[in-house]
Amino acid sequence: MLALSACQDATGVGLGLIGGDTVDPAAVVLPATALDTTEVAFPTAGFAGSTGTLPQERVLVGRVQDARYGDAVATAYLDAARPSSVPDDFDGASVTSVTIELRRDYTYGDTTATLPVEVRLVTGNWTPDGLPADTTLGTGDLLLTAQLVPSDTLSVITIPGSAFAGRDTLFTSTQFASLFEGFELRVPETGAPMPGAVAGFDVASSSSRLRVATAADTVSFALSEVFTRLEQSAPTMAPPDLLPLRAGSPLGALRATFDPDTLGSAALARVLLSVPARASADEGTFRRPIVSEMAVYALPEDGGSAFLAVVRKATAGDLRSASSSGFTALVQNWLLGQTTFERTLELRFATSPISLDVLPLTLLPGGADAAPRLVVSLVDPS
Amino acid sequence: MPRSALLALASLAGLLALAAPAAAQGGQNNFGSVYSRFGVGERSDFGSSQAEMLGVSGVALRDGGSTGLSNPALWSDLVVTGFGASIGVTGVRAEDASAADPSRSTAGDVSSLHLAVPLVPARLGAVVAYRPYSRVRYRSAIPGTLITPIDTTAYTANREGEGGLQRLSVGLGWRPVRPIQIGASAEVLFGTFEYLQRTEFEQTGYRETRQAEATQVRGVTATVGATATARRLLRTGDAFSLGAAVTLPTRLTASRTLTIGQSLDRDTLASVEDGRITLPLVARGGLAYRASPSWLVAADATYEPWSAFASTLTVGGFDPAAGTDVLQDRLRVGVGTEIAPAGGNRTAGVFRRMSYRLGGYAERGLYAPTGDDVMTYAATGGVSIPNRFSGARLDLGMEVGTRGSTADVLVRDTFVRGTVSLTFGERWFVRRRFD
């Protein structure tokens with residue numbers, strides 16, 4: 001009996017008796033009816049390589065002029081951790097040099113620009129937790145001005161021991177954690193190339209580190225707390241058909257509002273969010289990386305936000321949600337009027353690794369084709 | 001509790017466990033005839049396992065070892081307290097005039113559960129019974145391809161029916177004088193039947209959509225019945241019985257909701273719509289002639305005037321707003337015979353003590369979608385196997401038949417049904433004598 005009860009092979013036999021029409025599923029594109037931007041927190045500080053609380057995989061350094069998306073200045077701060085074991089004669093020894101090694105993985109702006117970088121010691125105590133992106137940390141005197149060459153995949157800044165006169169045991173002290181607050185890497189206000197560039201460095205990579213040399217030993221210090229002070233100004237010459245969204249910019253996050261009422265009381269099988277963007281925002285050697293991943297939040301009517309899903313680059317010029325369950329449930333509840341969430345989705349740039357990625361949305365008159373849209377697969381008997 | 005009662009309960013639990021997987025598959029994998037779309041579903045008229053195997057309703061079948069549920073007058077024959085359960089599995093192959101390939105489906109069900117208690121043995125008996133009144137279980141599936149701006153996926157659009165009406169009966173049978181029996185039962189009808197549009201998608205990332213129109217009904221009715229028996233009519237030891245029973249027409253209260261979502265996670269689309277559904281009476285009449293303990297013949301007929309069906313809600317084949325009504329009177333005629341080679345000899349071998357049953361029936365369905373009758377013809381049969389416990393029987397039944405035709409939009413079903421029934425009987429409430 002059990003075997004019999006599992007035998008099913010249904011076909012279209014009997015449809016004429018059942019009557020009515022079999023409703024085929026359909027795909028409906030629901031473009032956003034309104035686009036807006038909103039300011040959101042853009043934390044840039046964190047713990048290098050952390051997989052837990054407040055991870056941050058990148059720091060940015062540079063200065064760029066960009067009339068289309070706005071100028072930007074990035075200053076990096078790098079703290080380091082003394083290894084748990086060091087050679088016996090390392091403690092208390094005088095350093096002969098300290099080398100900052102950073103694996104470069106990002107460029108925004110002129111890809112040919114060599115960036116001058118001033119290196120200073122951070123003097124004030126700081127912690128990444130809750131540190132606003134516009135925070136200025138106190139620093140000491142200039143130690144060195146280095147040049148960051150764009151073709152280097154590993155940027156190396158070697159600071160001679162003489163730069164630490166009077167503090168030549170700072171890096172070999174057992175009290176290093178409390179004495180050292182990090183290096184500041186800053187592009188000088190004058191003398192930098194224009195339009196310039198902002199370089200990004202992968203601080204989660206084991207290649208990024210401090211190398212502290214004494215007469216007898218060289219010891220690697222892993223990067224620990226990192227922070228990028230980020231200043232961005234509004235675009236001055238954005239084309240009228242462009243919504244110049246950039247990570248961490250004053251425009252912040254994108255808000256797209258939808259009107260699902262045209263879907264009636266359909267049963268939704270799948271809802272995907274598709275965000276069409278221009279395939280490229282580059283101009284010659286001036287590079288603007290297109291964002292490849294954004295976080296989508298639903299907005300409760302009583303305030304706040306709730307993470308919904310991630311949209312990732314699916315094809316050139318199209319970000320698309322990889323999973324549909326969250327969108328499907330949300331939009332279905334919109335249709336049923338059984339939700340406390342607004343009919344607006346908020347798209348935020350990733351905060352780790354931080355970047356100056358852009359989302360070049362085209363604003364056409366009645367630009368439904370260019371707007372973020374929900375691609376809805378539904379069955380609607382009505 | 002007597003030992004046999006415990007055994008009975010354990011066996012019943014086993015039977016239910018066998019039936020449970022099929023029932024638990026719900027609307028996903030438990031389908032039968034598309035004709036169950038009409039009215040409140042495919043009528044189920046279980047009288048007893050003996051009656052099923054004979055192809056009759058059993059309205060006049062007097063058999064102390066089998067509790068006939070189709071006529072409460074028969075319950076006055078009870079001499080032992082009995083439990084009974086019956087389950088069945090039906091396989092249907094359906095074809096029509098369309099280009100669609102034949103469909104195949106199977107469905108398992110619990111045909112009946114009952115407890116019978118002789119208050120005064122062979123004179124006054126009481127029965128509590130559960131049986132389905134109707135079953136809605138059909139499925140028609142159309143494959144297709146959905147093309148979206150992003151990708152393409154295959155899908156299957158299913159039109160399905162699920163559920164049905166259940167019936168809970170409580171009644172008494174009484175024999176006021178030797179040749180006459182009368183009985184009556186009160187019956188509660190309840191249940192939910194659903195019409196669904198269910199769409200399955202092949203590609204991951206899609207969720208199955210399910211839009212259901214669920215109708216919940218409840219109400220009460222009553223059945224009255226009588227039998228008259230004449231003995232030594234043609235030969236010594238024979239008995240000729242006439243029986244009749246009528247289940248009164250009833251008006252059920254109904255409420256309907258439209259929902260979407262999965263079976264355990266549904267959202268109501270439309271507010272509840274209340275209504276009334278009037279079921280017609282059920283009239284049964286028949287005869288049984290037991291020539292000897294070894295031989296029995298029975299014949300009876302069931303009539304249900306579904307042309308009197310009324311509903312304020314649209315059901316399959318009946319739309320009060322559009323004036324659609326394809327329901328018609330249902331008529332079922334059956335005849336069968338039983339041979340028990342050993343008769344009453346309990347010392348005979350097991351094969352001689354078994355009862356062999358054969359019968360058949362013809363039925364005009366309660367629907368005429370094209371105006372023509374939809375006929376069912378079926379042959380029935382089975383064996384009743386005694387076992388070492390007095391009053392305990394295992395019945396194995398089989399039914400093979402066809403329903404409808406491939407004319408116009410009609411469907412021809414070819415069906416096979418297998419049933420397993422267990423009944424246990426034992427004297428309870430025996431007054432002990434002490435010296």
# chains A, B, ... in the order shown; residues from 1 in each chain; ligands from 1
>>> residues_around(residues="Glu293 in chain A", least_positions_apart="4", cutoff="8 Å", atoms="only C-alpha atoms", output="PyMOL selection string")
chain A and resi 310-313+319+349-350
>>> closest_atom_pairs(of="chain A", to="chain B", cutoff="6 Å", atoms="only C-alpha atoms", output="JSON lines")
{"residue": "A:Ser5", "atom": "CA", "partner": "B:Thr106", "partner_atom": "CA", "distance": 5.1}
{"residue": "A:Gln8", "atom": "CA", "partner": "B:Ser105", "partner_atom": "CA", "distance": 4.6}
{"residue": "A:Asp9", "atom": "CA", "partner": "B:Arg104", "partner_atom": "CA", "distance": 4.9}
{"residue": "A:Ala10", "atom": "CA", "partner": "B:Ser103", "partner_atom": "CA", "distance": 4.7}
{"residue": "A:Thr11", "atom": "CA", "partner": "B:Ala141", "partner_atom": "CA", "distance": 4.7}
{"residue": "A:Gly12", "atom": "CA", "partner": "B:Ala141", "partner_atom": "CA", "distance": 4.9}
{"residue": "A:Val13", "atom": "CA", "partner": "B:Ala100", "partner_atom": "CA", "distance": 5.9}
{"residue": "A:Gly16", "atom": "CA", "partner": "B:Val409", "partner_atom": "CA", "distance": 5.2}
{"residue": "A:Ala27", "atom": "CA", "partner": "B:Thr148", "partner_atom": "CA", "distance": 5.3}
{"residue": "A:Ala267", "atom": "CA", "partner": "B:Thr209", "partner_atom": "CA", "distance": 5.9}
{"residue": "A:Ala269", "atom": "CA", "partner": "B:Arg207", "partner_atom": "CA", "distance": 4.9}
{"residue": "A:Arg270", "atom": "CA", "partner": "B:Tyr206", "partner_atom": "CA", "distance": 5.0}
>>> atom_distance(atom1="CA of Gln232 in chain A", atom2="CA of Leu356 in chain A")
9.7 Å
>>> residues_around(residues="Leu131 in chain A", least_positions_apart="5", cutoff="9 Å", atoms="only C-alpha atoms", output="list in words")
Pro43, Thr44, Ala45, Gly46, Trp126 and Phe227 of chain A
>>> residues_around(residues="range 119-131 of chain B", least_positions_apart="5", cutoff="8 Å", atoms="only C-alpha atoms", output="PyMOL selection string")
chain B and resi 46+69+75-80+110-114+166-176
>>> closest_residue(among="A:Phe258, A:Tyr106, A:Phe42, A:Phe90", to="Leu170 in chain A", atoms="only C-alpha atoms")
A:Phe90
>>> residues_around(residues="range 245-249 of chain A", least_positions_apart="2", cutoff="10 Å", atoms="only C-alpha atoms", output="VMD selection string")
chain A and resid 37 39 to 44 69 to 72 133 230 to 235 242 to 243 251 to 254 288 to 291 294 348 to 351 354 to 361
>>> select_by_dssp(residues="range 26-168 of chain A", states="strand (DSSP E or B)", output="ChimeraX atom specification")
/A:26-31,34-38,46-48,55-56,58-64,72-81,95-110,115-122,139-148,154-160
>>> atom_distance(atom1="CA of Thr337 in chain B", atom2="CA of Arg135 in chain B")
27.9 Å
>>> residues_around(residues="range 240-253 of chain B", least_positions_apart="6", cutoff="6 Å", atoms="only C-alpha atoms", output="JSON, numbers by chain")
{"B": [59, 60, 71, 217, 218, 219, 221, 222, 223, 224, 225, 226, 227, 228, 229, 230, 276, 277, 278, 279, 280, 281, 282, 283, 284, 285, 286, 287, 288, 289]}
>>> select_by_dssp(residues="range 147-198 of chain A", states="alpha helix (DSSP H)", output="PyMOL selection string")
chain A and resi 176-179
>>> atom_distance(atom1="CA of Ser57 in chain B", atom2="CA of Ala299 in chain B")
8.5 Å
>>> closest_residue(among="A:Ser305, A:Thr96, A:Ser292, A:Thr236", to="Asp217 in chain A", atoms="only C-alpha atoms")
A:Thr96
